[in-house]
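Trainee: Could you have a look at this structure, given as structure tokens, before my questions?
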Amino acid sequence: MGSNLEPVPITSQKHDPAWKHVQMFKNGDKVQLKCIYCLKMFKGGGIHRIKEHLACQKGNASTCSRVPHDVRLHMQQSLDGVVVKKRRKQRIEEEIMSVNPLTTVVNSLPNNNQVVDVNQGLQAIGVEHNSTLVVNPGEGMSRNMERRKKMRAAKNPAAVYANSEDVVAVEKNGLFPKKMDNHIYMAIGRFLYDIGAPFDAVNLVFFQEMVDAIASKGTGFERPSHHELRGWILKNSVEEVKNDIDRCKMTWGRTGCSILVDQWTTETSRILISFLAYCPEGLVFLKSLDATEILTSPDFLYDLIKQVVEEIGVGKVVQVITSGEEQYGIAGRRLMDTFPTLYWSPSAAHCIDLILEDFGNLEWISAVIEQAKSVTRFVYNYSAILNMVKRYTLGNDIVDPSFSRFATNFTTLKRMVDLKHNLQALVTSQEWADCPYSKQTAGLEMLDCLSNQTFWSSCDMIVCLTAPLLKVLRIAGSEMRPGMGYVYAGMYRVKEAIKKALGKREEYMVYWNIIHHRWERLWNHPLHAAGFYLNPKFFYSIQGDILGQIVSGMFDCIERLVPDTRIQDKIIKEINLYKSAAGDFGRKMAVRARDNLLPSEWWSTYGGGCPNLSRLAIRILSQTSSVMSCKRNQVPFEQIINTRNYIERQHLTDLVFVHCNLRLRQMFMSKEQNFSDPLSFDNVSNVEEWIRPRDLYVDDECGNSDWMALDPSSVNTMLLRPLNDETEDLGEGYDDYEIFSFGKDSEDENTGDKLLDQ
């Protein structure tokens with residue numbers, strides 16, 4: 001992407017649904033749009049052309065090859081409705097030009113003190129309105145003023161009321177049909193508030209499906225009964241989910257699958273274990289159980305995992321991924337002894353999180369994080385300050401919730417560095433100087449911190465050390481792209497970035513030793529080495545011979561995942577064709593596709609001349625590297641544990657089965673990046689240290705902390721989104737053998753251990 005492209009935020013005024021799926025850039029005086037799925041740039045044609053692109057509708061734009069199915073359908077529906085909407089808008093504008101409802105109603109008033117309902121006037125122009133507009137008649141308008149009002153009404157009917165002194169209380173944008181749904185919104189809100197649903201429930205694909213289904217029925221829709229929801233609807237949902245799972249299972253013979261063991265704690269301190277299966281087609285919830293009494297026993301964990309492997313079929317399981325605790329390690333190694341054709345792997349995301357925790361415990365980094373927290377704790381406890389900050393940051397939050405509280409520490413520092421100039425402009429502005437909060441002790445501390453060059457220099461260094469780790473964390477935990485072909489290269493780039501930033505060996509080894517301490521089992525893991533070896537993007541970028549430990553990892557995978565010795569020998573021969581880029585591997589299309597296709601797709605497309613190696617490559621490159629999970633409603637899990645009746649327990653088990661699989665399907669269906677509100681209760685566990693109040697300013701002396709005083713949240717944070725594919729920066733050049741060695745001398749090891757104990 002050219003360096004002259006300047007990211008531009010997409011404002012809340014842009015209502016077309018296609019705006020959610022693009023990024024906007026400014027190139028001089030021209031605006032360009034970029035599809036967030038295929039990354040294609042559009043230099044003209046506007047949002048309608050993007051919509052045709054996303055709808056895969058041939059005409060003015062090329063079709064998007066990576067658009068999610070649900071987004072494509074949504075864009076097609078939107079395009080189908082454009083003609084109807086244009087006709088309706090034209091009819092309303094024509095009628096508004098011929099009728100002035102405000103003047104009609106005002107002129108009919110018997111006296112100037114009377115308050116009237118203008119709904120009848122609105123209905124006269126064919127626009128339904130269900131709430132009351134209250135007007136106080138004025139003295140009338142001159143003919144010229146009335147003519148200008150009508151002209152504005154033709155472009156924006158609401159402007160007549162919004163600008164008129166005769167209007168005492170007018171509903172915002174009251175004449176637009178879209179805003180006629182306020183009573184519907186209120187009804188939805190009351191229902192969700194009553195059941196305690198999270199606010200982001202309205203973002204679920206299934207919520208929109210429900211709304212569309214009810215709207216398609218029109219009047220006369222009868223809600224389902226309690227017994228129907230417990231009965232045939234749940235039964236049909238179970239069957240529907242099982243059918244979806246069966247479609248995933250059909251691919252396991254070709255791609256294999258990874259069994260994920262997800263451990264979590266309920267609000268009542270019970271420890272539950274969920275078993276999931278991952279493949280490129282989707283993530284499947286299998287079952288869960290209460291492990292509170294057995295968690296510390298490797299034997300029980302081994303028996304549980306062994307049972308799941310046998311239920312799926314040993315030949316379909318490539319690996320079992322768990323957290324890295326010792327009891328899981330013992331159970332995993334025993335599992336590999338029992339099943340010699342699969343691997344046990346600790347979760348890559350969990351290991352990276354531990355590295356971030358250790359980095360955060362270093363004294364100088366911890367001090368900088370505390371300084372940054374002093375700013376955010378002040379900002380996020382006063383609505384007036386938060387409003388002011390968001391005006392200067394173009395609607396972006398300065399706290400960036402992430403995978404865990406340790407990751408949040410560094411994503412938030414990265415966010416503050418990105419917004420450095422915006423924040424400095426705030427505290428040096430006259431608006432800040434005039435604000436009473438700026439005179440408080442916390443306000444003065446905020447000014448000192450944001451004006452301190454040493455603070456910002458330290459933040460820059462921390463971001464330099466941790467940004468590559470955060471990138472690998474996103475790759476490893478991505479449900480959209482199998483991470484197995486990228487994590488090994490990603491960790492190489494992490495160590496490389498730290499070495500370049502610090503230069504001196506005694507300095508960068510402090511951080512390398514922390515990485516070695518947490519990552520050693522994964523660095524030497526055959527699957528990760530083979531994933532690097534089989535990814536053509538990296539394999540063909542290496543000048544000279546491949547490092548011996550990577551080749552050994554590849555050989556280990558051949559021997560373990562392919563038990564037939566005859567096929568093993570064939571694979572070894574085919575590797576020579578891969579190394580020399582012979583046959584289809586050397587085609588110009590194949591060379592270009594090394595950077596464009598997913599590694600497994602590349603092998604599927606161009607690996608026909610090496611069928612045995614290709615089958616192995618697809619199985620390895622189709623695996624994830626981390627345990628993934630979804631947001632859970634804990635109520636049904638708790639009910640299962642507390643229910644003794646066999647029939648009701650099975651009923652609740654099916655409910656949990658449907659619930660978890662629908663949440664997982666939602667993860668795969670929703671391709672939009674998730675930008676969370678730091679003040680949302682859903683994020684409290686990860687951001688609490690950044691937003692909780694300090695005793696220093698618990699009392700609000702200068703105003704209030706009323707959430708109703710907050711400005712509406714920005715619908716766009718595109719300005720701070722990654723502009724390119726996360727894997728693009730992994731690039732070429734893997735020739736630093738010190739990075740590959742993962743070795744530690746005794747002096748450096750002692751230094752790292754001392755720092756870890758701080």
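Quick note on naming: the chains in the structure tokens go A, B, ... in the order shown, residues restart at 1 in each chain, and ligands are numbered from 1 in order of appearance.
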Near Val591 in chain A, within 12 Å and counting only C-alpha atoms, which residues show up once chain neighbours fewer than 2 positions away are dropped, as a list in words?
Mentor: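 My list of contacting residues is Pro536, Lys537, Phe539, Tyr540, Ser541, Ala581, Ala582, Gly583, Asp584, Phe585, Gly586, Arg587, Lys588, Met589, Ala593, Arg594, Asp595, Asn596, Leu597, Trp602 and Tyr606 of chain A.
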Trainee: Please identify the helix (DSSP H, G or I) residues within range 451-548 of chain A (assignment by DSSP from backbone atoms) and present them as a ChimeraX atom specification.
Mentor: /A:453-476,487-502,505-523,526-534,536-539,548
Trainee: Using only C-alpha atoms, which residues sit within 7 Å of range 470-482 of chain A once same-chain residues fewer than 4 positions away are excluded, as a VMD selection string?
Mentor: chain A and resid 280 348 to 349 352 466 487 490 621 to 626 628 668 726
Trainee: Mind dumping the selected residues with N, CA and C atoms as a PDB file, in the first residue's frame?
Mentor:
ATOM      1  N   PRO A 280     -10.851 -26.405   9.374  1.00  0.00           N
ATOM      2  CA  PRO A 280     -11.083 -25.164   8.630  1.00  0.00           C
ATOM      3  C   PRO A 280     -12.554 -24.863   8.357  1.00  0.00           C
ATOM      4  N   ALA A 348      -0.763 -22.318  22.022  1.00  0.00           N
ATOM      5  CA  ALA A 348       0.175 -21.243  21.687  1.00  0.00           C
ATOM      6  C   ALA A 348      -0.288 -19.914  22.276  1.00  0.00           C
ATOM      7  N   ALA A 349      -1.583 -19.639  22.217  1.00  0.00           N
ATOM      8  CA  ALA A 349      -2.097 -18.374  22.750  1.00  0.00           C
ATOM      9  C   ALA A 349      -1.853 -18.282  24.250  1.00  0.00           C
ATOM     10  N   ILE A 352       1.857 -17.490  24.840  1.00  0.00           N
ATOM     11  CA  ILE A 352       2.161 -16.082  24.540  1.00  0.00           C
ATOM     12  C   ILE A 352       1.633 -15.179  25.652  1.00  0.00           C
ATOM     13  N   THR A 466       6.720  -5.633  22.157  1.00  0.00           N
ATOM     14  CA  THR A 466       5.533  -6.483  22.342  1.00  0.00           C
ATOM     15  C   THR A 466       4.588  -6.531  21.152  1.00  0.00           C
ATOM     16  N   VAL A 487       2.756 -19.691  12.955  1.00  0.00           N
ATOM     17  CA  VAL A 487       3.202 -19.355  14.304  1.00  0.00           C
ATOM     18  C   VAL A 487       4.716 -19.467  14.450  1.00  0.00           C
ATOM     19  N   GLY A 490       6.160 -16.494  12.990  1.00  0.00           N
ATOM     20  CA  GLY A 490       5.808 -15.349  13.815  1.00  0.00           C
ATOM     21  C   GLY A 490       6.717 -15.199  15.016  1.00  0.00           C
ATOM     22  N   LEU A 621      -1.350 -28.290   7.803  1.00  0.00           N
ATOM     23  CA  LEU A 621      -1.623 -26.858   7.631  1.00  0.00           C
ATOM     24  C   LEU A 621      -3.074 -26.486   7.894  1.00  0.00           C
ATOM     25  N   SER A 622      -3.932 -27.472   8.090  1.00  0.00           N
ATOM     26  CA  SER A 622      -5.350 -27.202   8.381  1.00  0.00           C
ATOM     27  C   SER A 622      -5.630 -27.099   9.878  1.00  0.00           C
ATOM     28  N   GLN A 623      -4.572 -27.184  10.716  1.00  0.00           N
ATOM     29  CA  GLN A 623      -4.784 -27.197  12.162  1.00  0.00           C
ATOM     30  C   GLN A 623      -4.582 -25.820  12.780  1.00  0.00           C
ATOM     31  N   THR A 624      -5.287 -25.598  13.864  1.00  0.00           N
ATOM     32  CA  THR A 624      -5.063 -24.399  14.664  1.00  0.00           C
ATOM     33  C   THR A 624      -3.898 -24.655  15.609  1.00  0.00           C
ATOM     34  N   SER A 625      -3.490 -23.630  16.332  1.00  0.00           N
ATOM     35  CA  SER A 625      -2.385 -23.785  17.281  1.00  0.00           C
ATOM     36  C   SER A 625      -2.787 -23.412  18.701  1.00  0.00           C
ATOM     37  N   SER A 626      -4.064 -23.093  18.900  1.00  0.00           N
ATOM     38  CA  SER A 626      -4.487 -22.596  20.215  1.00  0.00           C
ATOM     39  C   SER A 626      -5.869 -23.114  20.576  1.00  0.00           C
ATOM     40  N   MET A 628      -9.463 -22.316  21.480  1.00  0.00           N
ATOM     41  CA  MET A 628     -10.387 -21.201  21.234  1.00  0.00           C
ATOM     42  C   MET A 628     -11.701 -21.498  21.933  1.00  0.00           C
ATOM     43  N   PHE A 668     -17.610 -17.823  13.354  1.00  0.00           N
ATOM     44  CA  PHE A 668     -17.163 -18.051  11.987  1.00  0.00           C
ATOM     45  C   PHE A 668     -17.979 -17.254  10.971  1.00  0.00           C
ATOM     46  N   GLU A 726      -2.422  -9.751   8.637  1.00  0.00           N
ATOM     47  CA  GLU A 726      -1.468  -9.933   9.732  1.00  0.00           C
ATOM     48  C   GLU A 726      -0.234 -10.725   9.295  1.00  0.00           C
TER      49      GLU A 726
END
Trainee: Extract the full set of strand (DSSP E or B) residues from range 334-491 of chain A according to DSSP on the backbone, and format it as JSON, numbers by chain.
Mentor: {"A": [343, 344, 345, 346]}
Trainee: Using only C-alpha atoms, find the one residue out of A:Leu502, A:Ile571, A:Val627, A:Met75 that sits nearest to Gly609 in chain A.
Mentor: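 Using only C-alpha atoms, Gly609 in chain A sits closest to A:Ile571.
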